[in-house]
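Take a look at the structure below.
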Amino acid sequence: MTSLRAYAAVTAAYWAFMLTDGALRMLVLLHFHGLGFSPLQLAWLFLLYELAGVVTNLTAGWLAARYGLASTLIAGLALQIAALAALTQLDPAWSVAASVVFVMLVQGASGVAKDLAKTASKSAVKLLAPEGGLFRWVAVLTGSKNAIKGLGFFVGAALLATVGFGPALWLMAAGLAAILVAVVLALPRDMSARDATARFTQVFSRDPRINRLAAARLFLFAARDVWFVVALPIWLAATLAQTLDPRTAFFVTGGFMATWIIGYGGVQALAPRVVRGGTPSDALAWVAALAVIPAVLAATNAAAPDATWIVMAGLLVFGVVFAINSSLHSFLILDFARAERVTMDVGFYYMANAGGRLLGTLLSGLTYQWGGLPMALAASAGLLILAAVATRTIPAPA
């Protein structure tokens with residue numbers, strides 16, 4: 001199978017996974033918000049998902065090296081199907097505490113599934129990309145993945161408003177099962193290559209460039225998720241519900257979240273046309289520009305709480321600049337990684353990514369409960385300053 005056909009197979013599998021991942025997040029968030037869960041309780045629902053990502057990314061690179069990229073990707077898809085099916089067993093008669101624990105456990109399994117699939121897919125690009133084409137190929141994979149996940153946000157909100165929570169989960173599980181069968185038949189055999197000598201201790205990078213980039217990635221994604229995971233959708237749904245009926249508010253909230261992610265993915269795919277070099281200096285300039293946006297939006301929302309559309313427009317601008325930052329990072333990690341240990345370097349790096357999402361998720365519930373959206377946006381600006389500091393310390397190539 002040619003590199004192009006193999007790349008298409010990996011991308012298709014990743015697309016299918018991320019569609020259900022985005023839809024599941026919106027389903028859970030809006031369903032439990034409708035049941036009266038507080039912002040902090042909603043954050044708890046996703047904490048194990050993000051914590052599982054930290055652990056899984058640390059081990060997924062080693063698993064992919066030890067058992068093959070194909071096995072790791074297939075395991076991720078199968079585990080996501082199991083998580084969707086398990087969530088249908090949620091009983092409305094359970095107490096809030098029991099519901100939170102159960103959903104946390106299922107979301108944790110989904111987090112493991114996502115990071116198995118992601119590590120395998122991103123690592124495959126390093127091996128499949130032609131000489132000189134790495135930035136473009138990884139930008140297309142990452143950008144299209146995020147656009148599909150954004151579509152999943154809208155699909156999740158639409159399914160909740162039309163067929164309901166349980167039927168939506170079964171529909172997604174059935175669709176992903178069909179994709180899994182197709183992927184098993186389509187993946188190239190050379191993606192099953194294994195290295196029986198790979199040791200778990202090798203996942204920790206000794207390259208200072210990778211370690212500093214991982215630190216910058218942690219703060220970058222914490223800065224997004226601190227307002228994105230809980231604060232924005234709850235603020236937006238509550239604000240819109242003042243003038244719209246709840247079902248319409250769900251559609252608009254899900255539609256905006258989907259638009260943000262789809263636009264973010266589209267910009268990621270185009271990033272190589274905007275940033276020609278792809279150097280740490282480029283990454284520093286873009287993250288410094290990004291830090292200004294949430295600081296301005298925090299002040300705006302605090303001074304004019306009813307300026308809903310101004311905040312939404314500002315967050316779309318944030319998405320454009322954030323996408324270029326993210327795409328630069330995705331290129332730099334694969335550029336820094338050595339081919340013989342690419343899965344482990346990528347796994348280590350995305351462990352930091354998951355750590356940032358975990359930090360951002362926790363802070364999203366806390367900051368919104370303590371100070372509303374302005375506090376969440378102010379925290380985002382602070383985290384981006386830390387990301388800039390980490391980026392500035394990335395050493396030049398020897």
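Here, A, B, ... name the chains of the structure tokens in the order displayed, residue numbers run from 1 inside each chain, and ligands are numbered from 1 in the same displayed order.
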*Do a neighbour search on range 237-246 of chain A at 10 Å with only C-alpha atoms, toss out local chain neighbours closer than 6 positions, and write the hits as a list in words.*
Leu30, His33, Gly34, Ala161, Val252, Thr253, Gly254, Pro305, Asp306 and Thr308 of chain A
Hey, can you spit out that residue selection with N, CA and C atoms as a short mmCIF file (atom, residue, chain, number, x, y, z; two decimals), in the first residue's frame?
data_model
loop_
_atom_site.label_atom_id
_atom_site.label_comp_id
_atom_site.auth_asym_id
_atom_site.auth_seq_id
_atom_site.Cartn_x
_atom_site.Cartn_y
_atom_site.Cartn_z
N LEU A 30 -24.23 18.95 28.22
CA LEU A 30 -25.56 19.55 28.18
C LEU A 30 -26.60 18.70 28.91
N HIS A 33 -25.97 19.29 32.63
CA HIS A 33 -26.35 20.67 32.94
C HIS A 33 -27.87 20.78 33.06
N GLY A 34 -28.58 20.10 32.16
CA GLY A 34 -30.04 20.10 32.23
C GLY A 34 -30.58 19.41 33.47
N ALA A 161 -31.10 16.99 21.51
CA ALA A 161 -32.35 17.74 21.35
C ALA A 161 -33.40 16.96 20.56
N VAL A 252 -27.90 26.48 19.64
CA VAL A 252 -27.00 27.60 19.40
C VAL A 252 -25.68 27.39 20.13
N THR A 253 -25.74 26.89 21.36
CA THR A 253 -24.51 26.63 22.11
C THR A 253 -23.67 25.56 21.41
N GLY A 254 -24.32 24.46 21.06
CA GLY A 254 -23.59 23.40 20.35
C GLY A 254 -23.09 23.88 19.01
N PRO A 305 -21.37 42.59 30.96
CA PRO A 305 -21.77 41.17 30.99
C PRO A 305 -22.75 40.78 29.89
N ASP A 306 -23.49 41.75 29.35
CA ASP A 306 -24.47 41.43 28.32
C ASP A 306 -23.90 41.46 26.90
N THR A 308 -22.70 39.62 24.79
CA THR A 308 -22.52 38.21 24.42
C THR A 308 -21.83 38.06 23.07
#
*Which residue gives the smallest distance to Trp309 in chain A among A:Ala283, A:Ala354, A:Ile262, A:Leu297, with only C-alpha atoms counted?*
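Selected residue with least distance to Trp309 in chain A: A:Leu297.
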Set the distance at 10 Å and use only C-alpha atoms: which residues neighbour Ala173 in chain A once local chain neighbours fewer than 4 positions away are removed? I'd like the list as a CSV table (one decimal) with N, CA and C atoms, in the first residue's frame.
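Contents of result.csv, as written:
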chain,number,residue,atom,x,y,z
A,20,THR,N,-17.2,11.0,17.3
A,20,THR,CA,-17.9,10.5,18.5
A,20,THR,C,-17.3,11.2,19.7
A,78,ALA,N,-12.0,0.4,19.6
A,78,ALA,CA,-12.8,-0.6,20.3
A,78,ALA,C,-13.2,-0.2,21.7
A,80,GLN,N,-13.5,2.9,22.7
A,80,GLN,CA,-14.5,4.0,22.6
A,80,GLN,C,-15.9,3.4,22.4
A,81,ILE,N,-16.1,2.4,21.6
A,81,ILE,CA,-17.4,1.7,21.4
A,81,ILE,C,-17.9,1.2,22.7
A,82,ALA,N,-17.0,0.6,23.5
A,82,ALA,CA,-17.4,0.0,24.8
A,82,ALA,C,-17.8,1.1,25.7
A,83,ALA,N,-17.1,2.3,25.7
A,83,ALA,CA,-17.5,3.4,26.6
A,83,ALA,C,-18.9,4.0,26.2
A,84,LEU,N,-19.1,4.1,25.0
A,84,LEU,CA,-20.5,4.6,24.5
A,84,LEU,C,-21.6,3.7,25.0
A,85,ALA,N,-21.3,2.4,24.8
A,85,ALA,CA,-22.4,1.4,25.2
A,85,ALA,C,-22.6,1.4,26.7
A,167,PRO,N,-30.5,6.9,23.1
A,167,PRO,CA,-30.5,6.6,21.7
A,167,PRO,C,-29.3,7.2,20.9
A,168,ALA,N,-28.9,8.4,21.3
A,168,ALA,CA,-27.8,9.1,20.7
A,168,ALA,C,-26.5,8.2,20.9
A,169,LEU,N,-26.3,7.7,22.1
A,169,LEU,CA,-25.1,6.9,22.4
A,169,LEU,C,-25.1,5.6,21.6
A,177,ALA,N,-18.6,1.2,15.3
A,177,ALA,CA,-18.3,-0.2,15.1
A,177,ALA,C,-18.2,-0.5,13.6
A,178,ALA,N,-19.0,0.1,12.7
A,178,ALA,CA,-18.9,-0.1,11.3
A,178,ALA,C,-17.5,0.4,10.8
A,179,ILE,N,-17.1,1.5,11.3
A,179,ILE,CA,-15.8,2.1,10.9
A,179,ILE,C,-14.7,1.2,11.3
*asked:* Measuring between only C-alpha atoms, which one of A:Asn146, A:Ser330, A:Thr56, A:Thr391 shows the shortest distance to Ile261 in chain A?
replied: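 Smallest separation from Ile261 in chain A among the options: A:Asn146.
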*From the set A:Leu48, A:Ala23, A:Val184, A:Ala379, which residue has the shortest atom-to-atom contact distance to Ala75 in chain A, counting only C-alpha atoms?*
A:Val184
*Using only C-alpha atoms, pick whichever of A:Phe256, A:Trp286, A:Phe32, A:Tyr49 has the shortest atom-to-atom distance to Ile324 in chain A.*
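Among the listed residues, the smallest separation from Ile324 in chain A belongs to A:Trp286.
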*May I ask which of the residues A:Ile333, A:Ile234, A:Thr248, A:Pro280 is the closest one to Leu373 in chain A, counting only C-alpha atoms?*
A:Ile234
What lies within 12 Å of Ala289 in chain A using only C-alpha atoms, ignoring chain neighbours under 6 positions off, as a PDB file with all heavy atoms, in the first residue's frame?
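Output file out08.pdb follows:
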ATOM      1  N   ASP A 282       8.991  31.325  15.894  1.00  0.00           N
ATOM      2  CA  ASP A 282       7.634  31.543  15.389  1.00  0.00           C
ATOM      3  C   ASP A 282       6.611  31.224  16.475  1.00  0.00           C
ATOM      4  O   ASP A 282       5.644  31.961  16.680  1.00  0.00           O
ATOM      5  CB  ASP A 282       7.368  30.662  14.160  1.00  0.00           C
ATOM      6  CG  ASP A 282       8.223  31.050  12.967  1.00  0.00           C
ATOM      7  OD1 ASP A 282       8.411  32.255  12.740  1.00  0.00           O
ATOM      8  OD2 ASP A 282       8.696  30.137  12.265  1.00  0.00           O
ATOM      9  N   ALA A 283       6.817  30.103  17.161  1.00  0.00           N
ATOM     10  CA  ALA A 283       5.882  29.690  18.217  1.00  0.00           C
ATOM     11  C   ALA A 283       5.830  30.728  19.335  1.00  0.00           C
ATOM     12  O   ALA A 283       4.754  31.025  19.873  1.00  0.00           O
ATOM     13  CB  ALA A 283       6.300  28.328  18.778  1.00  0.00           C
ATOM     14  N   ALA A 295      -7.088  38.352  27.822  1.00  0.00           N
ATOM     15  CA  ALA A 295      -6.987  39.461  28.781  1.00  0.00           C
ATOM     16  C   ALA A 295      -7.982  40.560  28.414  1.00  0.00           C
ATOM     17  O   ALA A 295      -8.691  41.094  29.282  1.00  0.00           O
ATOM     18  CB  ALA A 295      -5.561  40.010  28.799  1.00  0.00           C
ATOM     19  N   VAL A 296      -8.062  40.885  27.129  1.00  0.00           N
ATOM     20  CA  VAL A 296      -9.010  41.907  26.662  1.00  0.00           C
ATOM     21  C   VAL A 296     -10.442  41.430  26.847  1.00  0.00           C
ATOM     22  O   VAL A 296     -11.320  42.188  27.292  1.00  0.00           O
ATOM     23  CB  VAL A 296      -8.729  42.252  25.186  1.00  0.00           C
ATOM     24  CG1 VAL A 296      -9.838  43.148  24.626  1.00  0.00           C
ATOM     25  CG2 VAL A 296      -7.372  42.923  25.039  1.00  0.00           C
ATOM     26  N   VAL A 317     -11.642  34.832  17.247  1.00  0.00           N
ATOM     27  CA  VAL A 317     -10.294  35.326  16.942  1.00  0.00           C
ATOM     28  C   VAL A 317      -9.257  34.529  17.736  1.00  0.00           C
ATOM     29  O   VAL A 317      -8.204  34.154  17.212  1.00  0.00           O
ATOM     30  CB  VAL A 317     -10.187  36.829  17.261  1.00  0.00           C
ATOM     31  CG1 VAL A 317      -8.752  37.322  17.057  1.00  0.00           C
ATOM     32  CG2 VAL A 317     -11.148  37.629  16.394  1.00  0.00           C
ATOM     33  N   PHE A 318      -9.557  34.266  19.009  1.00  0.00           N
ATOM     34  CA  PHE A 318      -8.686  33.430  19.831  1.00  0.00           C
ATOM     35  C   PHE A 318      -8.454  32.086  19.133  1.00  0.00           C
ATOM     36  O   PHE A 318      -7.328  31.582  19.086  1.00  0.00           O
ATOM     37  CB  PHE A 318      -9.331  33.203  21.199  1.00  0.00           C
ATOM     38  CG  PHE A 318      -8.497  32.375  22.159  1.00  0.00           C
ATOM     39  CD1 PHE A 318      -7.777  32.990  23.176  1.00  0.00           C
ATOM     40  CD2 PHE A 318      -8.447  30.988  22.060  1.00  0.00           C
ATOM     41  CE1 PHE A 318      -7.020  32.238  24.067  1.00  0.00           C
ATOM     42  CE2 PHE A 318      -7.698  30.227  22.945  1.00  0.00           C
ATOM     43  CZ  PHE A 318      -6.972  30.858  23.951  1.00  0.00           C
ATOM     44  N   VAL A 320      -8.465  31.321  15.969  1.00  0.00           N
ATOM     45  CA  VAL A 320      -7.569  31.427  14.810  1.00  0.00           C
ATOM     46  C   VAL A 320      -6.109  31.432  15.264  1.00  0.00           C
ATOM     47  O   VAL A 320      -5.269  30.676  14.749  1.00  0.00           O
ATOM     48  CB  VAL A 320      -7.885  32.707  14.005  1.00  0.00           C
ATOM     49  CG1 VAL A 320      -6.818  32.948  12.931  1.00  0.00           C
ATOM     50  CG2 VAL A 320      -9.263  32.592  13.356  1.00  0.00           C
ATOM     51  N   VAL A 321      -5.802  32.283  16.239  1.00  0.00           N
ATOM     52  CA  VAL A 321      -4.412  32.402  16.695  1.00  0.00           C
ATOM     53  C   VAL A 321      -3.985  31.144  17.454  1.00  0.00           C
ATOM     54  O   VAL A 321      -2.851  30.669  17.319  1.00  0.00           O
ATOM     55  CB  VAL A 321      -4.244  33.657  17.577  1.00  0.00           C
ATOM     56  CG1 VAL A 321      -2.783  33.846  17.987  1.00  0.00           C
ATOM     57  CG2 VAL A 321      -4.727  34.897  16.832  1.00  0.00           C
ATOM     58  N   PHE A 322      -4.895  30.575  18.232  1.00  0.00           N
ATOM     59  CA  PHE A 322      -4.599  29.339  18.955  1.00  0.00           C
ATOM     60  C   PHE A 322      -4.301  28.204  17.982  1.00  0.00           C
ATOM     61  O   PHE A 322      -3.403  27.384  18.213  1.00  0.00           O
ATOM     62  CB  PHE A 322      -5.781  28.965  19.849  1.00  0.00           C
ATOM     63  CG  PHE A 322      -5.582  27.698  20.637  1.00  0.00           C
ATOM     64  CD1 PHE A 322      -4.886  27.712  21.830  1.00  0.00           C
ATOM     65  CD2 PHE A 322      -6.087  26.484  20.178  1.00  0.00           C
ATOM     66  CE1 PHE A 322      -4.688  26.543  22.551  1.00  0.00           C
ATOM     67  CE2 PHE A 322      -5.900  25.324  20.890  1.00  0.00           C
ATOM     68  CZ  PHE A 322      -5.196  25.344  22.091  1.00  0.00           C
ATOM     69  N   ILE A 324      -2.960  28.299  15.019  1.00  0.00           N
ATOM     70  CA  ILE A 324      -1.614  28.417  14.463  1.00  0.00           C
ATOM     71  C   ILE A 324      -0.582  27.979  15.496  1.00  0.00           C
ATOM     72  O   ILE A 324       0.383  27.265  15.177  1.00  0.00           O
ATOM     73  CB  ILE A 324      -1.357  29.856  13.984  1.00  0.00           C
ATOM     74  CG1 ILE A 324      -2.291  30.168  12.807  1.00  0.00           C
ATOM     75  CG2 ILE A 324       0.099  30.046  13.576  1.00  0.00           C
ATOM     76  CD1 ILE A 324      -2.265  31.608  12.355  1.00  0.00           C
ATOM     77  N   ASN A 325      -0.789  28.377  16.757  1.00  0.00           N
ATOM     78  CA  ASN A 325       0.089  27.904  17.830  1.00  0.00           C
ATOM     79  C   ASN A 325       0.103  26.386  17.915  1.00  0.00           C
ATOM     80  O   ASN A 325       1.160  25.749  17.981  1.00  0.00           O
ATOM     81  CB  ASN A 325      -0.386  28.477  19.170  1.00  0.00           C
ATOM     82  CG  ASN A 325       0.140  29.865  19.457  1.00  0.00           C
ATOM     83  OD1 ASN A 325       1.238  30.027  19.983  1.00  0.00           O
ATOM     84  ND2 ASN A 325      -0.641  30.873  19.117  1.00  0.00           N
ATOM     85  N   ALA A 381      -5.260  34.025  30.214  1.00  0.00           N
ATOM     86  CA  ALA A 381      -4.166  34.938  29.877  1.00  0.00           C
ATOM     87  C   ALA A 381      -2.917  34.623  30.700  1.00  0.00           C
ATOM     88  O   ALA A 381      -1.788  34.619  30.178  1.00  0.00           O
ATOM     89  CB  ALA A 381      -4.617  36.383  30.109  1.00  0.00           C
ATOM     90  N   LEU A 384      -1.161  31.520  29.399  1.00  0.00           N
ATOM     91  CA  LEU A 384      -0.475  31.757  28.125  1.00  0.00           C
ATOM     92  C   LEU A 384       0.855  32.477  28.332  1.00  0.00           C
ATOM     93  O   LEU A 384       1.813  32.261  27.580  1.00  0.00           O
ATOM     94  CB  LEU A 384      -1.379  32.561  27.185  1.00  0.00           C
ATOM     95  CG  LEU A 384      -2.535  31.753  26.592  1.00  0.00           C
ATOM     96  CD1 LEU A 384      -3.540  32.664  25.912  1.00  0.00           C
ATOM     97  CD2 LEU A 384      -2.023  30.695  25.619  1.00  0.00           C
ATOM     98  N   ILE A 385       0.933  33.303  29.352  1.00  0.00           N
ATOM     99  CA  ILE A 385       2.220  33.924  29.676  1.00  0.00           C
ATOM    100  C   ILE A 385       3.230  32.851  30.088  1.00  0.00           C
ATOM    101  O   ILE A 385       4.402  32.875  29.685  1.00  0.00           O
ATOM    102  CB  ILE A 385       2.039  34.974  30.785  1.00  0.00           C
ATOM    103  CG1 ILE A 385       1.237  36.163  30.247  1.00  0.00           C
ATOM    104  CG2 ILE A 385       3.391  35.433  31.326  1.00  0.00           C
ATOM    105  CD1 ILE A 385       0.830  37.164  31.315  1.00  0.00           C
ATOM    106  N   ALA A 387       3.143  29.757  29.065  1.00  0.00           N
ATOM    107  CA  ALA A 387       3.478  29.041  27.830  1.00  0.00           C
ATOM    108  C   ALA A 387       4.555  29.794  27.051  1.00  0.00           C
ATOM    109  O   ALA A 387       5.468  29.186  26.466  1.00  0.00           O
ATOM    110  CB  ALA A 387       2.231  28.868  26.972  1.00  0.00           C
ATOM    111  N   ALA A 388       4.458  31.119  27.027  1.00  0.00           N
ATOM    112  CA  ALA A 388       5.460  31.925  26.331  1.00  0.00           C
ATOM    113  C   ALA A 388       6.832  31.785  26.986  1.00  0.00           C
ATOM    114  O   ALA A 388       7.860  31.677  26.305  1.00  0.00           O
ATOM    115  CB  ALA A 388       5.022  33.390  26.303  1.00  0.00           C
TER     116      ALA A 388
END
Got a sec: who's within 7 Å of Ser327 in chain A, counting only C-alpha atoms, leaving out chain neighbours fewer than 4 positions off, as a CSV table (one decimal) with N, CA, C and O atoms, in the first residue's frame?
chain,number,residue,atom,x,y,z
A,139,ALA,N,-0.3,19.0,9.5
A,139,ALA,CA,-1.3,20.1,9.6
A,139,ALA,C,-2.6,19.7,9.1
A,139,ALA,O,-3.7,19.9,9.6
A,268,GLN,N,-5.7,25.3,11.4
A,268,GLN,CA,-4.6,24.4,11.5
A,268,GLN,C,-4.1,23.8,10.2
A,268,GLN,O,-2.9,23.8,10.0
A,271,ALA,N,-2.1,26.4,8.3
A,271,ALA,CA,-1.0,27.0,9.0
A,271,ALA,C,0.3,27.0,8.3
A,271,ALA,O,1.0,28.0,8.3
A,323,ALA,N,-5.0,28.1,16.9
A,323,ALA,CA,-4.9,27.1,15.9
A,323,ALA,C,-3.5,27.1,15.3
A,323,ALA,O,-2.8,26.1,15.1
A,331,PHE,N,3.9,20.3,14.6
A,331,PHE,CA,5.0,20.1,13.7
A,331,PHE,C,6.3,20.0,14.4
A,331,PHE,O,7.1,19.1,14.1
Just want the 6 Å neighbourhood of range 229-231 of chain A, counted on only C-alpha atoms, with same-chain residues fewer than 5 positions away dropped. Output as an mmCIF file with all heavy atoms, in the first residue's frame.
data_model
loop_
_atom_site.group_PDB
_atom_site.id
_atom_site.type_symbol
_atom_site.label_atom_id
_atom_site.label_comp_id
_atom_site.auth_asym_id
_atom_site.auth_seq_id
_atom_site.Cartn_x
_atom_site.Cartn_y
_atom_site.Cartn_z
ATOM 1 N N SER A 364 -11.483 25.346 34.925
ATOM 2 C CA SER A 364 -12.679 25.854 34.262
ATOM 3 C C SER A 364 -13.877 25.838 35.199
ATOM 4 O O SER A 364 -14.624 26.813 35.305
ATOM 5 C CB SER A 364 -12.988 25.025 33.010
ATOM 6 O OG SER A 364 -13.989 25.634 32.220
ATOM 7 N N GLY A 365 -14.056 24.726 35.911
ATOM 8 C CA GLY A 365 -15.147 24.655 36.881
ATOM 9 C C GLY A 365 -14.929 25.590 38.052
ATOM 10 O O GLY A 365 -15.840 26.290 38.489
ATOM 11 N N TYR A 368 -15.060 29.467 36.983
ATOM 12 C CA TYR A 368 -16.417 29.907 36.637
ATOM 13 C C TYR A 368 -17.296 29.984 37.882
ATOM 14 O O TYR A 368 -18.113 30.892 38.026
ATOM 15 C CB TYR A 368 -17.032 28.957 35.611
ATOM 16 C CG TYR A 368 -18.348 29.479 35.062
ATOM 17 C CD1 TYR A 368 -18.364 30.485 34.113
ATOM 18 C CD2 TYR A 368 -19.568 28.972 35.509
ATOM 19 C CE1 TYR A 368 -19.564 30.990 33.612
ATOM 20 C CE2 TYR A 368 -20.769 29.463 35.017
ATOM 21 C CZ TYR A 368 -20.755 30.466 34.062
ATOM 22 O OH TYR A 368 -21.942 30.968 33.595
ATOM 23 N N LEU A 373 -17.266 33.885 33.801
ATOM 24 C CA LEU A 373 -16.433 33.838 32.602
ATOM 25 C C LEU A 373 -15.244 34.807 32.657
ATOM 26 O O LEU A 373 -14.154 34.449 32.179
ATOM 27 C CB LEU A 373 -17.295 34.122 31.367
ATOM 28 C CG LEU A 373 -16.607 33.918 30.011
ATOM 29 C CD1 LEU A 373 -16.171 32.465 29.822
ATOM 30 C CD2 LEU A 373 -17.525 34.350 28.877
#
*Just the residues within 7 Å of Phe219 in chain A, please, counting only C-alpha atoms, with nothing from its chain fewer than 4 positions along; format it as a PyMOL selection string.*
chain A and resi 215+223+356+383-384+386-387
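Ranking A:Pro395, A:Gly382, A:Gly347, A:Pro92 by their shortest atom-to-atom distance to Gly166 in chain A, with only C-alpha atoms included, puts A:Pro92 first.
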